[in-house]
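Trainee: I'd like to ask you about the structure that follows.
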Amino acid sequence: MVNTSILTVDLSCFFNEGHEDDKKKAREIISHAPMHVLNMDSFRLSHLPLPGGFDRPPEQLANKNEYFTIFHPESGSNLYPNDLPEFREVTEQIFHQFTETGLLVETIVNDCFGLPPKFLQEYNNDRNWDSLVALRYLPATDIGNTGLGAHQDANVLTFLFQDQVGGLEVLKDRGWIPIVPTEGSIIVNLGDVVQVLSNNKFKSAIHRVVRPEGKFRHSYGFFYTLEGNKWVEPSPSITEDIGVPAQYRGFFYKDYQQLRIRNKTHLHSRPEDVIHITHYAITS
Ligand SMILES: O=C(O)CCC(=O)C(=O)O
Ligand SMILES: [Fe+2]
């Protein structure tokens with residue numbers, strides 16, 4: 001059930017009827033998961049500028065990775081290669097599987113933080129905004145090993161796979177914990193939307209990628225993402241109903257997404273100019 005570095009939960013019981021005790025146990029484990037362990041940024045469709053490649057010429061790039069983004073097959077945003085006929089079919093299958101997985105994990109998260117039944121599924125009900133990102137990291141050199149700097153994902157849930165090279169790390173109790181690649185398991189990151197909805201009960205994982213020496217590293221992230229016109233705020237069932245003050249002001253998801261993209265397209269001279277979810281935090 002537990003691997004040495006992060007919480008691993010077997011969710012197979014949710015694919016069958018019954019097994020109520022196992023389901024209850026899994027929910028309990030997830031509810032009590034340390035804040036930072038249970039995690040892209042969603043470069044979006046034609047109106048977003050960053051579907052792939054290097055964000056900047058590699059020599060000017062802190063994050064030494066290149067990537068490409070595949071959008072939801074029904075969004076009409078993908079240009080499929082002509083010489084790989086199976087590409088489209090496989091993409092459709094992957095999105096289908098991840099939609100199922102996303103729904104399942106979302107249901108569990110919903111129940112764990114006591115939201116009205118099906119609240120999250122009904123709220124996050126437009127799958128056209130999901131994306132799959134394939135990343136390739138250059139080997140570390142003498143002048144640096146940053147693959148992806150410390151960040152939190154802006155979206156709802158992220159499913160990550162890394163190859164055996166490893167390099168993903170998550171911040172826990174002020175230390176960076178390497179996530180050991182484990183066959184057959186998916187890394188699930190809760191994103192900023194969940195952190196806000198749950199009024200900080202669930203934290204969006206702070207994670208980064210460190211590039212190993214002498215090897216390219218490959219990973220995939222599936223970003224389960226909210227439609228841009230959705231209003232994001234701490235759930236009233238968590239704040240008003242039980243008298244806890246809201247820790248965030250509300251915002252449209254697309255506004256936050258635009259600010260996050262700006263982080264990538266504009267060079268920042270000061271780290272404090274980089275926008276995180278704390279941009280919406282109420283600090284009184
Ligand atoms: O490459 C990885 O393992 C992590 C990627 C990631 O965190 C992201 O794209 O947001
Ligand atoms: Fe990430």
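As shown in the structure tokens, the chain order sets the letters A, B, ...; within each chain, residues go from 1, and ligands are also counted from 1 in the order they appear.
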Applying 9 Å and only C-alpha atoms, which residues near Thr225 in chain A remain after dropping the ones on its own chain fewer than 6 positions away? List them as a list of chain:residue names.
Mentor: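 My list of contacting residues is A:Ser42, A:Asn124, A:Asp126, A:Arg127, A:Asn128, A:Trp129, A:Asp130, A:Ser131, A:Ala154, A:Asn155, A:Val156, A:Leu157, A:Thr158, A:Val193.
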Trainee: Please save N, CA and C atoms of the selected residues as a PDB file, in the first residue's frame.
Mentor:
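Once everything was written out, this is part.pdb:
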ATOM      1  N   SER A  42      -1.734  23.951 -18.418  1.00  0.00           N
ATOM      2  CA  SER A  42      -2.504  23.542 -19.562  1.00  0.00           C
ATOM      3  C   SER A  42      -2.337  24.575 -20.656  1.00  0.00           C
ATOM      4  N   ASN A 124     -17.181  20.106 -12.831  1.00  0.00           N
ATOM      5  CA  ASN A 124     -16.094  19.931 -13.799  1.00  0.00           C
ATOM      6  C   ASN A 124     -16.587  19.005 -14.915  1.00  0.00           C
ATOM      7  N   ASP A 126     -16.957  19.477 -18.344  1.00  0.00           N
ATOM      8  CA  ASP A 126     -16.638  19.702 -19.758  1.00  0.00           C
ATOM      9  C   ASP A 126     -15.232  19.167 -20.016  1.00  0.00           C
ATOM     10  N   ARG A 127     -15.126  18.058 -20.711  1.00  0.00           N
ATOM     11  CA  ARG A 127     -13.841  17.383 -20.872  1.00  0.00           C
ATOM     12  C   ARG A 127     -13.009  17.935 -22.037  1.00  0.00           C
ATOM     13  N   ASN A 128     -13.536  18.907 -22.772  1.00  0.00           N
ATOM     14  CA  ASN A 128     -12.814  19.441 -23.927  1.00  0.00           C
ATOM     15  C   ASN A 128     -11.538  20.166 -23.576  1.00  0.00           C
ATOM     16  N   TRP A 129     -11.307  20.418 -22.292  1.00  0.00           N
ATOM     17  CA  TRP A 129     -10.160  21.217 -21.890  1.00  0.00           C
ATOM     18  C   TRP A 129      -9.016  20.365 -21.386  1.00  0.00           C
ATOM     19  N   ASP A 130      -9.234  19.050 -21.364  1.00  0.00           N
ATOM     20  CA  ASP A 130      -8.168  18.156 -20.893  1.00  0.00           C
ATOM     21  C   ASP A 130      -7.045  18.066 -21.929  1.00  0.00           C
ATOM     22  N   SER A 131      -5.857  17.769 -21.474  1.00  0.00           N
ATOM     23  CA  SER A 131      -4.752  17.623 -22.431  1.00  0.00           C
ATOM     24  C   SER A 131      -3.746  16.599 -21.938  1.00  0.00           C
ATOM     25  N   ALA A 154      -1.978  24.108 -12.083  1.00  0.00           N
ATOM     26  CA  ALA A 154      -3.120  25.015 -11.933  1.00  0.00           C
ATOM     27  C   ALA A 154      -4.470  24.295 -12.005  1.00  0.00           C
ATOM     28  N   ASN A 155      -4.472  23.124 -12.614  1.00  0.00           N
ATOM     29  CA  ASN A 155      -5.741  22.469 -12.987  1.00  0.00           C
ATOM     30  C   ASN A 155      -6.392  21.711 -11.832  1.00  0.00           C
ATOM     31  N   VAL A 156      -7.206  20.720 -12.152  1.00  0.00           N
ATOM     32  CA  VAL A 156      -7.941  19.984 -11.120  1.00  0.00           C
ATOM     33  C   VAL A 156      -7.127  18.782 -10.632  1.00  0.00           C
ATOM     34  N   LEU A 157      -6.812  17.860 -11.542  1.00  0.00           N
ATOM     35  CA  LEU A 157      -6.016  16.681 -11.217  1.00  0.00           C
ATOM     36  C   LEU A 157      -5.021  16.452 -12.330  1.00  0.00           C
ATOM     37  N   THR A 158      -3.833  15.977 -12.010  1.00  0.00           N
ATOM     38  CA  THR A 158      -2.871  15.580 -13.041  1.00  0.00           C
ATOM     39  C   THR A 158      -2.469  14.135 -12.804  1.00  0.00           C
ATOM     40  N   VAL A 193      -7.026  24.077  -8.373  1.00  0.00           N
ATOM     41  CA  VAL A 193      -8.491  24.199  -8.291  1.00  0.00           C
ATOM     42  C   VAL A 193      -9.011  23.444  -7.069  1.00  0.00           C
TER      43      VAL A 193
END
Trainee: Select from range 103-253 of chain A everything DSSP, run on the backbone, classes as strand (DSSP E or B), then give the selection as a ChimeraX atom specification.
Mentor: /A:131-137,140-141,144,146-151,157-162,168-172,175-178,187-190,207-210,213,217-224,231-232,248,251-252
Trainee: Tell me which protein, DNA and RNA residues are within 12 Å of Val244 in chain A, counting only C-alpha atoms, leaving out same-chain ones fewer than 6 positions away, and put them as a list in words.
Mentor: Ser198, Asn199, Asn200, Lys201, Pro234, Ser235, Pro236, Ser237 and Ile238 of chain A
Trainee: Please return as number ranges by chain the residues found within 10 Å of ligand 1, counting only C-alpha atoms and all ligand atoms.
Mentor: A: 39-42, 65, 67, 132-137, 147-155, 158-163, 166-170, 179, 181, 187, 189, 191, 205-211, 217-223
